[in-house]
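Coordinates as given in query.txt (compact mmCIF, C-alpha atoms):
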```txt
# COMPACT_ATOMS: atom_id res chain seq x y z
CA MET A 1 -9.64 20.62 6.03
CA ILE A 2 -11.85 19.04 8.70
CA GLY A 3 -15.59 19.45 8.14
CA LEU A 4 -18.84 17.56 7.76
CA PRO A 5 -17.36 14.59 5.81
CA GLN A 6 -15.22 13.55 8.78
CA LEU A 7 -18.20 13.85 11.14
CA TYR A 8 -20.28 11.75 8.77
CA TRP A 9 -17.59 9.08 8.66
CA LEU A 10 -17.44 8.99 12.45
CA THR A 11 -21.22 8.73 12.74
CA GLY A 12 -21.39 6.11 10.00
CA ALA A 13 -18.74 4.00 11.72
CA MET A 14 -20.80 4.12 14.92
CA PHE A 15 -23.97 2.95 13.16
CA ALA A 16 -21.99 0.23 11.36
CA ALA A 17 -20.76 -1.04 14.74
CA PHE A 18 -24.35 -1.04 16.02
CA ALA A 19 -25.40 -3.10 12.99
CA VAL A 20 -22.63 -5.69 13.53
CA LEU A 21 -23.33 -5.98 17.25
CA GLY A 22 -27.07 -6.12 16.60
CA VAL A 23 -26.94 -9.01 14.14
CA ARG A 24 -24.97 -11.00 16.72
CA ASP A 25 -27.57 -10.39 19.45
CA ARG A 26 -29.60 -13.61 19.46
CA SER A 27 -31.82 -12.32 22.27
CA ASN A 28 -33.40 -9.89 19.78
CA ARG A 29 -36.07 -11.74 17.79
CA LYS A 30 -35.89 -9.02 15.13
CA ARG A 31 -32.12 -8.79 15.03
CA PHE A 32 -31.80 -8.98 11.25
CA GLY A 33 -34.29 -6.17 10.62
CA THR A 34 -32.72 -4.07 13.35
CA ALA A 35 -29.21 -4.68 12.00
CA ALA A 36 -30.37 -3.86 8.47
CA PHE A 37 -31.83 -0.56 9.67
CA TRP A 38 -28.62 0.58 11.38
CA GLY A 39 -26.55 -0.79 8.52
CA LEU A 40 -28.48 1.35 6.03
CA MET A 41 -28.03 4.35 8.29
CA ALA A 42 -24.30 3.66 8.31
CA MET A 43 -24.22 3.39 4.51
CA ASP A 44 -26.01 6.72 4.11
CA PHE A 45 -23.50 8.50 6.34
CA LEU A 46 -20.43 6.76 4.94
CA VAL A 47 -21.10 6.82 1.18
CA GLY A 48 -24.29 8.83 0.76
CA ASP A 49 -22.51 11.59 -1.15
CA ARG A 50 -20.99 9.07 -3.57
CA ILE A 51 -23.99 6.91 -4.49
CA GLY A 52 -26.20 9.74 -5.76
CA ASP A 53 -29.55 11.20 -4.79
CA LEU A 54 -31.63 8.33 -6.20
CA ALA A 55 -29.77 5.66 -4.23
CA SER A 56 -29.88 7.80 -1.09
CA GLY A 57 -33.62 8.18 -1.57
CA GLY A 58 -33.86 4.41 -1.89
CA ILE A 59 -32.11 4.05 1.46
CA VAL A 60 -34.63 6.42 3.05
CA VAL A 61 -37.52 4.41 1.60
CA ALA A 62 -35.96 1.17 2.86
CA LEU A 63 -35.59 2.67 6.35
CA ALA A 64 -39.25 3.69 6.29
CA VAL A 65 -40.32 0.19 5.19
CA LEU A 66 -38.28 -1.50 7.92
CA ALA A 67 -39.66 0.81 10.59
CA GLY A 68 -43.21 0.86 9.26
CA THR A 69 -43.49 -2.92 9.08
CA GLY A 70 -42.25 -3.42 12.65
CA GLN A 71 -38.88 -4.97 11.80
CA LEU A 72 -37.03 -3.18 14.61
CA GLY A 73 -36.66 -4.76 18.02
CA ARG A 74 -34.45 -4.86 21.08
CA GLY A 75 -32.71 -7.70 22.83
CA THR A 76 -32.16 -8.53 26.47
CA VAL A 77 -28.92 -6.95 27.54
CA ALA A 78 -26.97 -8.68 30.25
CA ILE A 79 -26.14 -6.01 32.81
CA ASP A 80 -23.86 -6.53 35.78
CA ALA A 81 -26.03 -4.45 38.11
CA ALA A 82 -23.82 -5.00 41.15
CA ARG A 83 -20.75 -3.78 39.24
CA ARG A 84 -22.55 -0.66 38.03
CA ILE A 85 -23.92 0.18 41.47
CA ALA A 86 -20.49 -0.22 43.00
CA ALA A 87 -18.91 1.99 40.32
CA ALA A 88 -21.59 4.65 40.77
CA ALA A 89 -21.06 4.67 44.54
CA ARG A 90 -17.28 4.90 44.08
CA HIS A 91 -17.32 7.81 41.63
CA GLY A 92 -20.48 9.60 42.77
CA ASN A 93 -21.43 12.84 41.04
CA ARG A 94 -18.00 13.06 39.47
CA LEU A 95 -19.44 10.87 36.71
CA PHE A 96 -21.25 13.94 35.38
CA ALA A 97 -17.89 15.51 34.60
CA ALA A 98 -17.60 13.24 31.57
CA ALA A 99 -20.86 14.59 30.16
CA LEU A 100 -19.77 18.18 30.80
CA ILE A 101 -16.61 17.66 28.74
CA ILE A 102 -18.68 17.65 25.54
CA PRO A 103 -20.25 21.14 25.82
CA ALA A 104 -17.04 22.55 27.29
CA VAL A 105 -14.98 21.36 24.31
CA ALA A 106 -17.71 22.47 21.89
CA LEU A 107 -17.67 25.99 23.32
CA ALA A 108 -13.90 26.24 23.48
CA GLY A 109 -13.50 24.75 20.03
CA THR A 110 -16.00 27.19 18.53
CA LEU A 111 -13.86 30.06 19.78
CA VAL A 112 -10.41 28.61 19.09
CA LEU A 113 -10.66 26.39 15.99
CA PRO A 114 -11.31 29.23 13.51
CA MET A 115 -7.83 30.52 14.33
CA THR A 116 -6.15 27.24 13.35
CA GLY A 117 -7.18 27.22 9.70
CA VAL A 118 -7.64 23.43 9.70
CA VAL A 119 -11.43 23.42 10.17
CA ASP A 120 -14.11 24.42 7.69
CA PRO A 121 -15.21 27.83 9.03
CA LYS A 122 -18.85 27.03 8.21
CA GLN A 123 -18.80 23.86 10.35
CA VAL A 124 -16.68 24.93 13.31
CA THR A 125 -19.34 24.32 15.96
CA LEU A 126 -20.24 20.86 14.65
CA VAL A 127 -16.59 19.85 14.40
CA ALA A 128 -16.00 21.10 17.95
CA LEU A 129 -19.00 19.11 19.15
CA GLY A 130 -17.68 15.96 17.48
CA ALA A 131 -14.26 16.57 19.01
CA GLY A 132 -15.94 16.93 22.41
CA VAL A 133 -17.55 13.52 22.06
CA VAL A 134 -14.24 11.88 21.09
CA ILE A 135 -12.33 13.59 23.91
CA ALA A 136 -15.00 12.68 26.46
CA LEU A 137 -14.85 9.06 25.32
CA ALA A 138 -11.06 9.02 25.62
CA VAL A 139 -11.25 10.50 29.13
CA CYS A 140 -13.79 7.88 30.17
CA PHE A 141 -11.57 5.08 28.88
CA ALA A 142 -8.57 6.43 30.79
CA TRP A 143 -10.60 7.11 33.94
CA LEU A 144 -13.18 4.31 34.19
CA ARG A 145 -11.31 1.64 32.19
CA PRO A 146 -14.37 -0.07 30.65
CA ARG A 147 -14.16 -3.00 28.27
CA LEU A 148 -13.33 -1.87 24.73
CA SER A 149 -16.80 -2.80 23.46
CA GLU A 150 -18.72 -1.45 26.47
CA PRO A 151 -19.45 2.05 25.08
CA LEU A 152 -20.72 0.55 21.81
CA ASP A 153 -22.83 -2.03 23.66
CA ALA A 154 -24.35 0.73 25.79
CA GLY A 155 -24.93 2.95 22.75
CA ARG A 156 -26.58 0.10 20.83
CA THR A 157 -28.87 -0.59 23.78
CA ILE A 158 -30.04 3.02 23.74
CA VAL A 159 -30.57 3.31 19.98
CA ASP A 160 -32.40 -0.03 19.90
CA ALA A 161 -34.71 1.31 22.63
CA VAL A 162 -35.22 4.59 20.78
CA GLY A 163 -35.60 2.88 17.41
CA TRP A 164 -36.60 4.79 14.28
CA ALA A 165 -37.08 8.03 16.27
CA VAL A 166 -33.29 8.47 16.11
CA THR A 167 -33.74 9.57 12.50
CA LEU A 168 -36.32 12.28 13.27
CA PRO A 169 -33.97 15.27 13.71
CA GLN A 170 -32.21 14.58 10.44
CA ALA A 171 -35.45 13.92 8.55
CA LEU A 172 -37.27 16.96 9.89
CA ALA A 173 -34.31 19.27 9.25
CA ALA A 174 -34.37 18.06 5.64
CA LEU A 175 -38.11 18.76 5.59
CA GLY A 176 -37.42 22.36 6.53
CA ALA A 177 -35.05 22.70 3.58
CA ILE A 178 -37.71 21.25 1.27
CA PHE A 179 -40.29 23.71 2.60
CA THR A 180 -37.89 26.57 1.90
CA LEU A 181 -37.27 25.45 -1.68
CA ALA A 182 -41.02 25.04 -2.20
CA GLY A 183 -41.67 28.63 -1.09
CA VAL A 184 -43.81 27.68 1.92
CA GLY A 185 -42.36 30.61 3.89
CA ALA A 186 -43.63 33.13 1.36
CA VAL A 187 -47.09 31.58 1.43
CA VAL A 188 -47.20 31.63 5.25
CA GLY A 189 -45.93 35.21 5.33
CA GLY A 190 -48.56 36.27 2.82
CA GLY A 191 -51.24 34.85 5.09
CA ILE A 192 -49.94 36.22 8.40
CA GLY A 193 -48.68 39.66 7.30
CA PRO A 194 -52.10 41.23 6.57
CA LEU A 195 -53.40 40.08 9.97
CA LEU A 196 -50.77 41.99 11.97
CA PRO A 197 -51.48 45.56 13.16
CA HIS A 198 -49.68 48.00 10.86
CA GLY A 199 -46.48 49.32 12.42
CA ASP A 200 -46.81 47.23 15.61
CA ARG A 201 -43.33 45.78 16.11
CA LEU A 202 -44.16 43.77 19.22
CA ALA A 203 -47.02 42.07 17.40
CA ALA A 204 -44.66 41.11 14.58
CA VAL A 205 -42.09 39.80 17.06
CA ALA A 206 -44.77 37.77 18.86
CA ALA A 207 -45.99 36.39 15.54
CA TYR A 208 -42.47 35.16 14.84
CA THR A 209 -41.71 33.66 18.26
CA VAL A 210 -45.15 32.13 18.79
CA GLY A 211 -45.19 30.99 15.17
CA MET A 212 -41.81 29.30 15.65
CA ALA A 213 -43.12 27.49 18.74
CA GLY A 214 -46.41 26.54 17.09
CA LEU A 215 -44.93 25.26 13.83
CA THR A 216 -42.31 23.35 15.79
CA MET A 217 -45.09 21.68 17.76
CA LEU A 218 -46.71 20.60 14.47
CA LEU A 219 -43.51 19.42 12.78
CA GLY A 220 -41.67 18.18 15.87
CA ASN A 221 -38.42 19.97 15.11
CA ALA A 222 -37.35 23.62 15.35
CA PHE A 223 -34.86 23.14 12.51
CA ALA A 224 -37.77 22.36 10.19
CA ALA A 225 -39.80 25.33 11.39
CA PHE A 226 -36.94 27.84 11.30
CA PRO A 227 -36.52 28.38 7.54
CA VAL A 228 -40.28 28.63 7.06
CA MET A 229 -40.99 31.19 9.80
CA THR A 230 -37.79 33.13 9.14
CA ALA A 231 -38.67 33.52 5.47
CA ALA A 232 -42.29 34.32 6.35
CA ILE A 233 -41.87 36.89 9.14
CA ALA A 234 -38.31 37.45 10.38
CA LEU A 235 -36.65 38.56 7.16
CA PRO A 236 -39.42 40.56 5.46
CA LEU A 237 -40.89 42.18 8.60
CA LEU A 238 -38.49 42.14 11.54
CA VAL A 239 -35.35 42.75 9.47
CA GLY A 240 -36.73 44.41 6.33
CA THR A 241 -39.48 46.61 7.75
CA PHE A 242 -38.34 47.25 11.32
CA GLY A 243 -34.57 47.15 10.73
CA GLY A 244 -33.81 44.39 13.23
CA ASP A 245 -30.43 42.72 13.70
CA PRO A 246 -30.62 39.27 12.06
CA ALA A 247 -28.26 37.59 14.57
CA PRO A 248 -30.29 37.99 17.80
CA ILE A 249 -33.55 37.58 15.88
CA ALA A 250 -32.41 34.21 14.48
CA ALA A 251 -30.93 33.04 17.80
CA LEU A 252 -34.02 33.92 19.84
CA GLY A 253 -36.24 32.58 17.09
CA MET A 254 -34.59 29.17 17.34
CA LEU A 255 -34.86 29.27 21.12
CA SER A 256 -38.57 30.03 20.75
CA GLY A 257 -38.87 27.01 18.48
CA PHE A 258 -37.28 24.87 21.18
CA CYS A 259 -40.04 26.04 23.53
CA GLY A 260 -42.41 24.30 21.14
CA THR A 261 -40.21 21.21 21.16
CA LEU A 262 -40.78 20.89 24.91
CA CYS A 263 -44.56 20.77 24.43
CA THR A 264 -45.22 18.32 21.61
CA PRO A 265 -45.39 14.54 21.22
CA MET A 266 -44.24 15.08 17.63
CA ALA A 267 -40.74 15.54 19.10
CA ALA A 268 -40.81 11.86 19.95
CA ASN A 269 -37.06 11.52 20.38
CA TYR A 270 -37.15 14.17 23.12
CA ASN A 271 -40.51 13.68 24.81
CA LEU A 272 -41.73 10.12 24.25
CA VAL A 273 -38.53 8.11 24.17
CA PRO A 274 -37.57 9.09 27.77
CA VAL A 275 -40.98 7.81 28.88
CA THR A 276 -40.13 4.44 27.35
CA LEU A 277 -36.59 4.36 28.72
CA LEU A 278 -37.77 5.27 32.24
CA ASP A 279 -40.86 2.99 32.11
CA LEU A 280 -43.18 5.85 33.11
CA ASP A 281 -46.93 5.16 33.26
CA ASP A 282 -47.97 8.55 31.81
CA ARG A 283 -47.09 8.74 28.12
CA TYR A 284 -47.01 12.55 28.30
CA ALA A 285 -45.29 12.87 31.68
CA VAL A 286 -42.22 14.59 30.24
CA ILE A 287 -44.31 17.12 28.31
CA ARG A 288 -46.45 17.95 31.36
CA VAL A 289 -43.35 18.79 33.37
CA GLN A 290 -41.76 20.86 30.60
CA VAL A 291 -44.75 23.07 29.75
CA GLY A 292 -44.20 25.08 32.93
CA THR A 293 -40.76 26.04 31.63
CA ALA A 294 -41.63 26.42 27.96
CA VAL A 295 -44.43 28.98 28.24
CA PRO A 296 -42.63 31.54 30.48
CA LEU A 297 -39.48 31.12 28.39
CA LEU A 298 -41.43 31.84 25.20
CA VAL A 299 -42.81 35.05 26.73
CA PHE A 300 -39.31 36.03 27.87
CA ASN A 301 -37.87 35.37 24.39
CA THR A 302 -40.52 37.58 22.83
CA LEU A 303 -39.88 40.49 25.18
CA LEU A 304 -36.09 40.08 24.93
CA MET A 305 -36.14 40.06 21.13
CA ASN A 306 -38.30 43.17 21.07
CA GLY A 307 -35.90 44.89 23.45
CA VAL A 308 -32.44 43.99 22.11
CA ALA A 309 -32.80 43.11 18.42
CA PHE A 310 -33.73 46.56 17.12
CA ARG A 311 -31.71 49.73 16.88
```
Take the structure in the file and give it back as structure tokens.
Amino acid sequence: MIGLPQLYWLTGAMFAAFAVLGVRDRSNRKRFGTAAFWGLMAMDFLVGDRIGDLASGGIVVALAVLAGTGQLGRGTVAIDAARRIAAAARHGNRLFAAALIIPAVALAGTLVLPMTGVVDPKQVTLVALGAGVVIALAVCFAWLRPRLSEPLDAGRTIVDAVGWAVTLPQALAALGAIFTLAGVGAVVGGGIGPLLPHGDRLAAVAAYTVGMAGLTMLLGNAFAAFPVMTAAIALPLLVGTFGGDPAPIAALGMLSGFCGTLCTPMAANYNLVPVTLLDLDDRYAVIRVQVGTAVPLLVFNTLLMNGVAFR
């Protein structure tokens, strides 16, 4: 049955390729540290479930040491600018079709794959997303006919530019699980619950949505905030006290958390890395643009949850 292990193998193989290509890049003065970082990432994805928790923890510590001591760098990539400009002019906006293949396959796969019986029902969406990436890559090879190594070279260029921030989503999602096991949600709920007006459903909904956005801004990741705020407010108050439907509450809660993602430098992989890649002068340029979307969307999420999530 296809599930997370196959996705981990695919991701690990990608990082292993980045490590091999990186150690061969003599233009990167820190090529050995950079290659070691991506090689350790590959090892964690490929054999992390076989080497035990202690060894996996050692890999995480090693990654932190490499990043914290400045061992990651980026080389000078030789780009045939004239070839790329000519290709872009030839294909035009049709190039975006390749990117749209991924969400299209993910959506279709989420609906269809459960009927096949070959995919782990708990991981259908992730498997469909991985399939979308593979199919999009195959279409691009058939359509654009790049060199075999070109996608990996381009991917390595991006991850070298992003650096250690690539690991943030995975690390912060794990942090959310740790918070849940430590009972942080119950502590937060015990502090917020008495402050809410008794019987005021809208106030409880707002506490959840705004709390999701606020905690996400502090932690940098909605996946880390979700288990805490859901255990603190959504389950005991919105579901338990007010009889809300858990599905729309959870979905809109996550979307509220993403509103916080748009507004925080802690989400470095989303908000600071693009500044570096685009060579923008204002470090917070991306955040300034996104706040105008995030705040109205947060208000809309709050009102929508209050209107549709309760019988």
Given the point (-39.0, 22.5, 9.8) in the file's coordinates, find the residues that have an atom at most 8 Å from it, counting all atoms listed in the file, and give them as a ChimeraX atom specification. /A:172-177,179,215-216,219-228
Using all atoms listed in the file, find the one residue out of A:His198, A:Arg24, A:Arg74, A:Arg94 that sits nearest to Ile158 (chain A).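 Comparing A:His198, A:Arg24, A:Arg74, A:Arg94 against Ile158 (chain A), the winner is A:Arg74.
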If you count all atoms listed in the file, which residues fall within 12 Å of Ala268 (chain A), apart from same-chain ones fewer than 2 positions away, as a PyMOL selection string? chain A and resi 162-169+172+217-221+261-266+270-276+283-284+286-287
Residue nearest Ser56 (chain A) - candidates A:Asp200, A:Thr302, A:Ala89, A:Asp44, atoms counted: all atoms listed in the file: A:Asp44
Counting only C-alpha atoms, closest pick from A:Ala267, A:Ala142, A:Leu304, A:Met14 relative to Pro248 (chain A) is A:Leu304
If you count all atoms listed in the file, which residues fall within 8 Å of Leu298 (chain A), apart from same-chain ones fewer than 5 positions away, as a ChimeraX atom specification? /A:209-210,213,256,259
Nearest residue to Val205 (chain A) from the set A:Gly33, A:Pro146, A:Pro236, A:Gly117 (distances using all atoms listed in the file): A:Pro236
When you draw a straight line from CA of Gly243 (chain A) to CA of Phe310 (chain A), how long is it in Å?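 It comes out at 6.5 Å.
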So that all listed atoms of region 118-131 of chain A fit with 8 Å spare on each side, what axis-aligned box centre and edge lengths in Å, to one decimal, would you give as AutoDock Vina command-line options?
```
--center_x -13.9 --center_y 21.9 --center_z 13.4 --size_x 28.6 --size_y 27.9 --size_z 27.5
```
Between CA of Leu297 (chain A) and CA of Arg311 (chain A), distance in Å (one decimal): 23.2 Å
Considering all atoms listed in the file, state which residue in the set A:Phe37, A:Lys30, A:Phe258, A:Phe45 is at the smallest distance from Thr11 (chain A).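 Residue with the minimum atom-to-atom distance to Thr11 (chain A): A:Phe45.
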Separation of CA of Asn93 (chain A) from CA of Val112 (chain A) in Å: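 Rounded to one decimal, the two atoms are 29.2 Å apart.
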Give me region 252-266 of chain A with N, CA and C atoms filled in, as a short mmCIF file (atom, residue, chain, number, x, y, z; two decimals), in the frame of the given file.
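Printed below is rebuild-v5.cif as written:
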```cif
data_model
loop_
_atom_site.label_atom_id
_atom_site.label_comp_id
_atom_site.auth_asym_id
_atom_site.auth_seq_id
_atom_site.Cartn_x
_atom_site.Cartn_y
_atom_site.Cartn_z
N LEU A 252 -32.85 33.99 18.98
CA LEU A 252 -34.02 33.92 19.84
C LEU A 252 -35.19 33.23 19.15
N GLY A 253 -35.22 33.30 17.83
CA GLY A 253 -36.24 32.58 17.09
C GLY A 253 -36.08 31.07 17.25
N MET A 254 -34.85 30.60 17.13
CA MET A 254 -34.59 29.17 17.34
C MET A 254 -34.93 28.76 18.77
N LEU A 255 -34.57 29.59 19.73
CA LEU A 255 -34.86 29.27 21.12
C LEU A 255 -36.37 29.22 21.35
N SER A 256 -37.11 30.07 20.67
CA SER A 256 -38.57 30.03 20.75
C SER A 256 -39.11 28.73 20.14
N GLY A 257 -38.48 28.30 19.06
CA GLY A 257 -38.87 27.01 18.48
C GLY A 257 -38.66 25.87 19.45
N PHE A 258 -37.55 25.92 20.20
CA PHE A 258 -37.28 24.87 21.18
C PHE A 258 -38.31 24.86 22.30
N CYS A 259 -38.93 26.02 22.57
CA CYS A 259 -40.04 26.04 23.53
C CYS A 259 -41.18 25.15 23.03
N GLY A 260 -41.41 25.18 21.72
CA GLY A 260 -42.41 24.30 21.14
C GLY A 260 -42.01 22.84 21.21
N THR A 261 -40.71 22.58 21.06
CA THR A 261 -40.21 21.21 21.16
C THR A 261 -40.56 20.59 22.51
N LEU A 262 -40.51 21.39 23.56
CA LEU A 262 -40.78 20.89 24.91
C LEU A 262 -42.23 20.49 25.11
N CYS A 263 -43.11 20.91 24.19
CA CYS A 263 -44.56 20.77 24.43
C CYS A 263 -45.26 19.83 23.47
N THR A 264 -44.54 19.09 22.66
CA THR A 264 -45.22 18.32 21.61
C THR A 264 -44.80 16.85 21.57
N PRO A 265 -45.75 15.95 21.41
CA PRO A 265 -45.39 14.54 21.22
C PRO A 265 -44.76 14.27 19.86
N MET A 266 -44.88 15.25 18.93
CA MET A 266 -44.24 15.08 17.63
C MET A 266 -42.72 15.01 17.77
#
```
